[in-house]
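Participant: If it helps, the file is called start_33.cif and holds mmCIF, C-alpha atoms and all ligand atoms:
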```cif
data_target
loop_
_atom_site.label_atom_id
_atom_site.label_comp_id
_atom_site.auth_asym_id
_atom_site.auth_seq_id
_atom_site.Cartn_x
_atom_site.Cartn_y
_atom_site.Cartn_z
CA MET A 1 0.00 0.00 0.00
CA LYS A 2 1.60 3.26 -1.16
CA LYS A 3 -1.32 5.69 -0.99
CA LEU A 4 -4.23 5.91 1.43
CA VAL A 5 -7.26 8.19 1.17
CA ILE A 6 -8.72 9.57 4.39
CA ALA A 7 -12.50 9.64 4.07
CA SER A 8 -13.11 12.81 6.07
CA SER A 9 -13.35 16.54 5.55
CA ASN A 10 -13.08 17.32 9.27
CA PRO A 11 -9.78 19.25 9.67
CA GLY A 12 -9.41 18.17 13.32
CA LYS A 13 -9.73 14.48 12.48
CA LEU A 14 -7.47 14.82 9.43
CA ARG A 15 -4.70 16.42 11.54
CA GLU A 16 -4.83 13.67 14.18
CA ILE A 17 -4.99 10.82 11.64
CA ALA A 18 -2.16 12.23 9.48
CA HIS A 19 0.01 12.67 12.59
CA ALA A 20 -0.57 9.08 13.77
CA LEU A 21 0.23 7.64 10.31
CA GLU A 22 3.34 9.81 9.79
CA PRO A 23 5.82 7.04 10.71
CA LEU A 24 4.45 4.80 7.94
CA ALA A 25 5.85 4.83 4.42
CA ILE A 26 2.46 5.77 2.98
CA GLU A 27 1.24 8.88 1.22
CA VAL A 28 -1.88 9.99 3.09
CA LEU A 29 -4.36 12.03 1.05
CA PRO A 30 -7.60 13.68 2.17
CA GLN A 31 -10.66 12.83 0.07
CA SER A 32 -10.97 16.55 -0.78
CA ALA A 33 -7.84 16.11 -2.97
CA PHE A 34 -10.11 14.02 -5.24
CA ASN A 35 -13.14 16.31 -4.86
CA VAL A 36 -14.99 13.57 -2.99
CA PRO A 37 -17.88 15.04 -0.94
CA GLU A 38 -18.86 13.77 2.53
CA ALA A 39 -20.65 10.41 2.35
CA GLU A 40 -24.08 9.86 3.90
CA GLU A 41 -23.99 8.53 7.47
CA PRO A 42 -27.43 6.96 7.70
CA HIS A 43 -26.67 4.12 10.12
CA ALA A 44 -27.36 3.66 13.82
CA THR A 45 -23.90 2.29 14.61
CA PHE A 46 -20.41 3.78 14.33
CA ILE A 47 -19.01 0.72 12.58
CA GLU A 48 -21.61 0.78 9.80
CA ASN A 49 -21.03 4.49 9.19
CA ALA A 50 -17.24 4.06 9.18
CA LEU A 51 -17.47 1.28 6.61
CA ALA A 52 -19.91 3.22 4.43
CA LYS A 53 -17.57 6.24 4.41
CA ALA A 54 -14.45 4.15 3.68
CA ARG A 55 -16.14 2.27 0.81
CA HIS A 56 -17.54 5.50 -0.64
CA ALA A 57 -14.10 7.19 -0.71
CA SER A 58 -12.36 4.09 -2.05
CA ARG A 59 -14.93 3.73 -4.84
CA ARG A 60 -14.59 7.36 -5.85
CA CYS A 61 -10.76 7.47 -5.70
CA GLY A 62 -9.84 3.94 -6.81
CA LEU A 63 -7.47 3.69 -3.83
CA PRO A 64 -7.41 2.11 -0.36
CA ALA A 65 -9.36 4.29 2.07
CA LEU A 66 -9.57 4.82 5.83
CA ALA A 67 -12.59 6.29 7.61
CA ASP A 68 -13.17 7.28 11.22
CA ASP A 69 -16.62 7.38 12.75
CA SER A 70 -16.68 8.74 16.25
CA GLY A 71 -18.70 10.58 18.83
CA ILE A 72 -19.18 11.42 22.47
CA CYS A 73 -21.44 9.23 24.61
CA VAL A 74 -22.77 10.80 27.80
CA ASP A 75 -23.87 8.44 30.61
CA ALA A 76 -26.66 10.70 31.92
CA LEU A 77 -28.07 10.93 28.37
CA ASN A 78 -28.07 7.15 27.82
CA GLY A 79 -25.12 7.41 25.46
CA GLU A 80 -26.38 10.37 23.41
CA PRO A 81 -25.35 12.24 21.34
CA GLY A 82 -23.31 9.17 20.24
CA VAL A 83 -23.50 8.64 16.48
CA HIS A 84 -25.37 11.96 16.23
CA SER A 85 -22.52 13.96 17.80
CA ALA A 86 -21.59 15.95 14.67
CA ARG A 87 -25.16 17.17 14.14
CA TYR A 88 -26.34 17.26 17.78
CA ALA A 89 -27.56 20.88 17.46
CA GLY A 90 -28.80 20.35 13.88
CA GLU A 91 -27.65 21.81 10.56
CA PRO A 92 -25.42 23.52 9.66
CA VAL A 93 -22.85 21.57 11.67
CA SER A 94 -21.38 23.77 14.41
CA ASP A 95 -19.06 22.69 17.24
CA GLU A 96 -19.97 25.80 19.21
CA ARG A 97 -23.74 25.19 19.03
CA ASN A 98 -23.21 21.50 19.83
CA ASN A 99 -21.23 22.44 22.94
CA ARG A 100 -23.82 24.97 24.06
CA LYS A 101 -26.60 22.42 23.62
CA LEU A 102 -24.67 19.80 25.60
CA LEU A 103 -24.02 22.23 28.47
CA ALA A 104 -27.68 23.31 28.54
CA THR A 105 -28.92 19.69 28.43
CA LEU A 106 -26.66 18.76 31.36
CA ALA A 107 -27.45 21.86 33.46
CA GLY A 108 -28.12 20.67 37.02
CA GLU A 109 -26.94 17.12 36.21
CA THR A 110 -24.38 15.80 38.70
CA ASN A 111 -23.43 12.66 36.76
CA ARG A 112 -20.95 14.16 34.27
CA LYS A 113 -19.42 10.86 33.09
CA ALA A 114 -18.85 10.47 29.34
CA HIS A 115 -16.61 8.73 26.87
CA TYR A 116 -15.49 9.31 23.34
CA TYR A 117 -15.70 6.32 21.02
CA CYS A 118 -13.95 5.90 17.69
CA VAL A 119 -13.99 3.15 15.12
CA ILE A 120 -11.60 3.16 12.19
CA ALA A 121 -12.29 1.12 9.06
CA LEU A 122 -9.70 0.58 6.35
CA VAL A 123 -10.64 -0.99 3.03
CA ARG A 124 -8.13 -2.00 0.37
CA HIS A 125 -10.79 -1.49 -2.31
CA ALA A 126 -14.46 -0.52 -2.35
CA GLU A 127 -15.78 -4.12 -2.14
CA ASP A 128 -13.10 -5.36 0.32
CA PRO A 129 -14.65 -8.36 2.17
CA GLN A 130 -12.01 -8.14 4.94
CA PRO A 131 -11.81 -4.52 6.08
CA LEU A 132 -9.40 -3.78 8.91
CA ILE A 133 -11.30 -2.48 11.93
CA ALA A 134 -9.90 -0.85 15.08
CA GLU A 135 -11.67 0.79 18.02
CA GLY A 136 -10.74 3.15 20.81
CA GLU A 137 -12.40 4.77 23.85
CA TRP A 138 -11.47 7.78 25.98
CA HIS A 139 -13.20 8.11 29.35
CA GLY A 140 -13.73 11.36 31.19
CA GLU A 141 -16.23 13.95 32.35
CA ILE A 142 -18.20 16.84 30.89
CA LEU A 143 -17.03 20.17 32.33
CA ARG A 144 -19.44 22.97 33.31
CA ALA A 145 -17.71 25.53 31.06
CA PRO A 146 -15.35 25.25 28.08
CA ARG A 147 -11.58 25.14 28.67
CA GLY A 148 -8.73 25.38 26.16
CA ALA A 149 -8.37 26.31 22.50
CA SER A 150 -6.87 23.31 20.67
CA GLY A 151 -8.53 20.13 19.39
CA PHE A 152 -12.04 20.34 17.92
CA GLY A 153 -15.63 19.33 18.57
CA TYR A 154 -16.44 18.67 22.23
CA ASP A 155 -12.79 18.86 23.37
CA PRO A 156 -13.21 22.12 25.37
CA LEU A 157 -15.92 20.38 27.45
CA PHE A 158 -14.21 17.00 27.89
CA LEU A 159 -12.03 16.59 30.97
CA ASP A 160 -9.44 13.82 31.20
CA PRO A 161 -9.53 13.29 35.00
CA GLU A 162 -6.09 11.66 35.14
CA LEU A 163 -4.39 14.52 33.30
CA GLY A 164 -6.63 17.16 34.91
CA ARG A 165 -6.92 18.87 31.52
CA SER A 166 -9.58 19.20 28.85
CA GLY A 167 -9.12 17.74 25.37
CA ALA A 168 -8.64 21.30 24.13
CA GLU A 169 -5.77 21.83 26.59
CA LEU A 170 -3.72 19.00 25.08
CA ALA A 171 -1.18 19.30 22.28
CA LEU A 172 -1.83 17.07 19.26
CA GLU A 173 0.76 14.44 20.33
CA GLU A 174 -0.59 14.35 23.90
CA LYS A 175 -4.17 13.94 22.68
CA ASN A 176 -3.19 11.14 20.27
CA ARG A 177 -1.45 9.31 23.14
CA VAL A 178 -4.62 9.09 25.25
CA SER A 179 -7.58 9.61 22.94
CA HIS A 180 -10.13 7.26 21.40
CA ARG A 181 -8.79 8.07 17.91
CA GLY A 182 -5.14 7.74 18.97
CA GLY A 183 -5.87 4.33 20.52
CA ALA A 184 -7.76 3.08 17.47
CA LEU A 185 -4.98 4.27 15.14
CA THR A 186 -2.25 2.62 17.23
CA ARG A 187 -4.15 -0.69 17.00
CA LEU A 188 -4.73 -0.23 13.29
CA VAL A 189 -1.04 0.41 12.61
CA ALA A 190 -0.10 -2.71 14.59
CA ARG A 191 -2.52 -4.78 12.48
CA LEU A 192 -1.18 -3.30 9.24
CA ARG A 193 2.34 -4.25 10.32
CA GLU A 194 1.22 -7.76 11.36
CA ARG A 195 -0.30 -8.25 7.92
CA GLY A 196 2.86 -6.92 6.31
CA VAL A 197 0.87 -4.20 4.55
CA VAL A 198 3.24 -1.46 5.72
CA LEU A 199 6.70 -1.19 7.23
P1 LIG A 201 -18.54 11.85 12.47
O1 LIG A 201 -17.61 10.75 12.86
O2 LIG A 201 -18.08 12.58 11.25
O3 LIG A 201 -19.97 11.41 12.42
O4 LIG A 201 -18.49 13.00 13.59
C1 LIG A 201 -17.84 12.83 14.77
C2 LIG A 201 -18.26 13.96 15.72
O5 LIG A 201 -18.03 13.51 17.05
C3 LIG A 201 -17.39 15.21 15.55
O6 LIG A 201 -17.97 16.12 14.65
C4 LIG A 201 -17.36 15.76 16.97
O7 LIG A 201 -18.53 16.48 17.23
C5 LIG A 201 -17.37 14.48 17.81
N1 LIG A 201 -15.99 14.01 18.05
C6 LIG A 201 -15.43 12.85 17.63
N2 LIG A 201 -14.15 12.77 18.00
C7 LIG A 201 -13.89 13.91 18.66
C8 LIG A 201 -12.70 14.42 19.27
O8 LIG A 201 -11.61 13.83 19.25
N3 LIG A 201 -12.83 15.62 19.86
C9 LIG A 201 -14.00 16.31 19.89
N4 LIG A 201 -15.12 15.91 19.31
C10 LIG A 201 -15.06 14.70 18.70
#
```
Could you write out this structure as structure tokens?
Facilitator:
Amino acid sequence: MKKLVIASSNPGKLREIAHALEPLAIEVLPQSAFNVPEAEEPHATFIENALAKARHASRRCGLPALADDSGICVDALNGEPGVHSARYAGEPVSDERNNRKLLATLAGETNRKAHYYCVIALVRHAEDPQPLIAEGEWHGEILRAPRGASGFGYDPLFLDPELGRSGAELALEEKNRVSHRGGALTRLVARLRERGVVL
């Protein structure tokens, strides 16, 4: 595998994925380089959406493709917004409105537990019957006010209790070391090496 398309237009995700795959001898290209628009995400599970996005990008580009489907699952909301995280506050997609809605929904709630979940799917071609799948979780708490300016999405509201910092207070390398996406990508790279797909 010499080239890999990343099936996302989310700049935050693209930065984290590109950074984690840097050590590999692979050219990583965003789907925007091929004018591929965002795929539909009609499914109720992360894994189905990740596969749909990876197959869509691979079909359009004629190359292996990797997709991430992820979200934040809040205990007090029975796992919501979950797969609906990107559009929690509706269209157009806005991290700021999503964060405001989450804070308002949890006002007065003492159970602040939440976790991020990420599943990565990699297909060698659009019809690949053996996609590589890797998952990751990141457990923490929802803060009562935003903190920090890096990261994206819900990061200013997500506290890593062990580090005592929000996702938006972590540098890219630090976030990749502990995050749901970082964990999934580490597992994916190990599997690619096991299979001899990359060095
Ligand atoms: P999707 O995978 O494109 O459906 O969207 C994932 C959504 O989940 C993002 O738009 C964010 O709202 C949220 N999300 C996933 N991972 C992260 C993260 O690492 N930080 C902050 N928000 C995230």
Participant: How would you write as a list of chain:residue names the residues that get within 10 Å of (-16.2, 6.5, 19.7) in the file's frame, counting all atoms listed in the file?
Facilitator: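 The answer, in the requested form, is A:Phe46, A:Ile47, A:Asp68, A:Asp69, A:Ser70, A:Gly71, A:Ile72, A:Cys73, A:Gly82, A:Val83, A:Ser85, A:His115, A:Tyr116, A:Tyr117, A:Cys118, A:Val119, A:Ile120, A:Glu135, A:Gly136, A:Glu137, A:Trp138, A:Ser179, A:His180, A:Arg181, A:Ala184.
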Participant: For ligand LIG 201 (chain A), which residue out of A:Glu109, A:Asp95, A:Glu141, A:Glu22 is the nearest one, using all atoms listed in the file?
Facilitator: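 Nearest candidate to ligand LIG 201 (chain A) out of A:Glu109, A:Asp95, A:Glu141, A:Glu22: A:Asp95.
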Participant: Skipping near chain neighbours, those fewer than 3 positions away, what residues fall within 12 Å of Pro64 in chain A using only C-alpha atoms, listed as a ChimeraX atom specification?
Facilitator: /A:1-7,26-31,53-61,67,121-128,131-132,197
Participant: Would you mind reading off the distance between CA of Asn98 in chain A and CA of Ser8 in chain A, one decimal, in Å?
Facilitator: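 Pair CA of Asn98 in chain A / CA of Ser8 in chain A returns 19.2 Å.
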Participant: Box for ligand LIG 201 (chain A): with edges along x, y and z, all listed atoms inside and 4 Å added on each side, what are the centre and edge lengths in Å to one decimal, as AutoDock Vina command-line options?
Facilitator:
```
--center_x -15.8 --center_y 13.6 --center_z 15.6 --size_x 16.4 --size_y 13.7 --size_z 16.6
```
Participant: Have a look at A:Pro161, A:Pro81, A:Gly90, A:Gly196 and name the one nearest to Thr105 in chain A; count only C-alpha atoms.
Facilitator: A:Pro81
Participant: Just give me the residues with any atom within 10 Å of (4.8, 4.4, 19.4), file coordinates, counting all atoms listed in the file, written as a ChimeraX atom specification.
Facilitator: /A:20,23,177,186,189-190
Participant: Keeping C-alpha atoms, export the residues of the selection given above as a CSV table (one decimal), in the frame of the given file.
Facilitator:
```csv
chain,number,residue,atom,x,y,z
A,20,ALA,CA,-0.6,9.1,13.8
A,23,PRO,CA,5.8,7.0,10.7
A,177,ARG,CA,-1.4,9.3,23.1
A,186,THR,CA,-2.2,2.6,17.2
A,189,VAL,CA,-1.0,0.4,12.6
A,190,ALA,CA,-0.1,-2.7,14.6
```
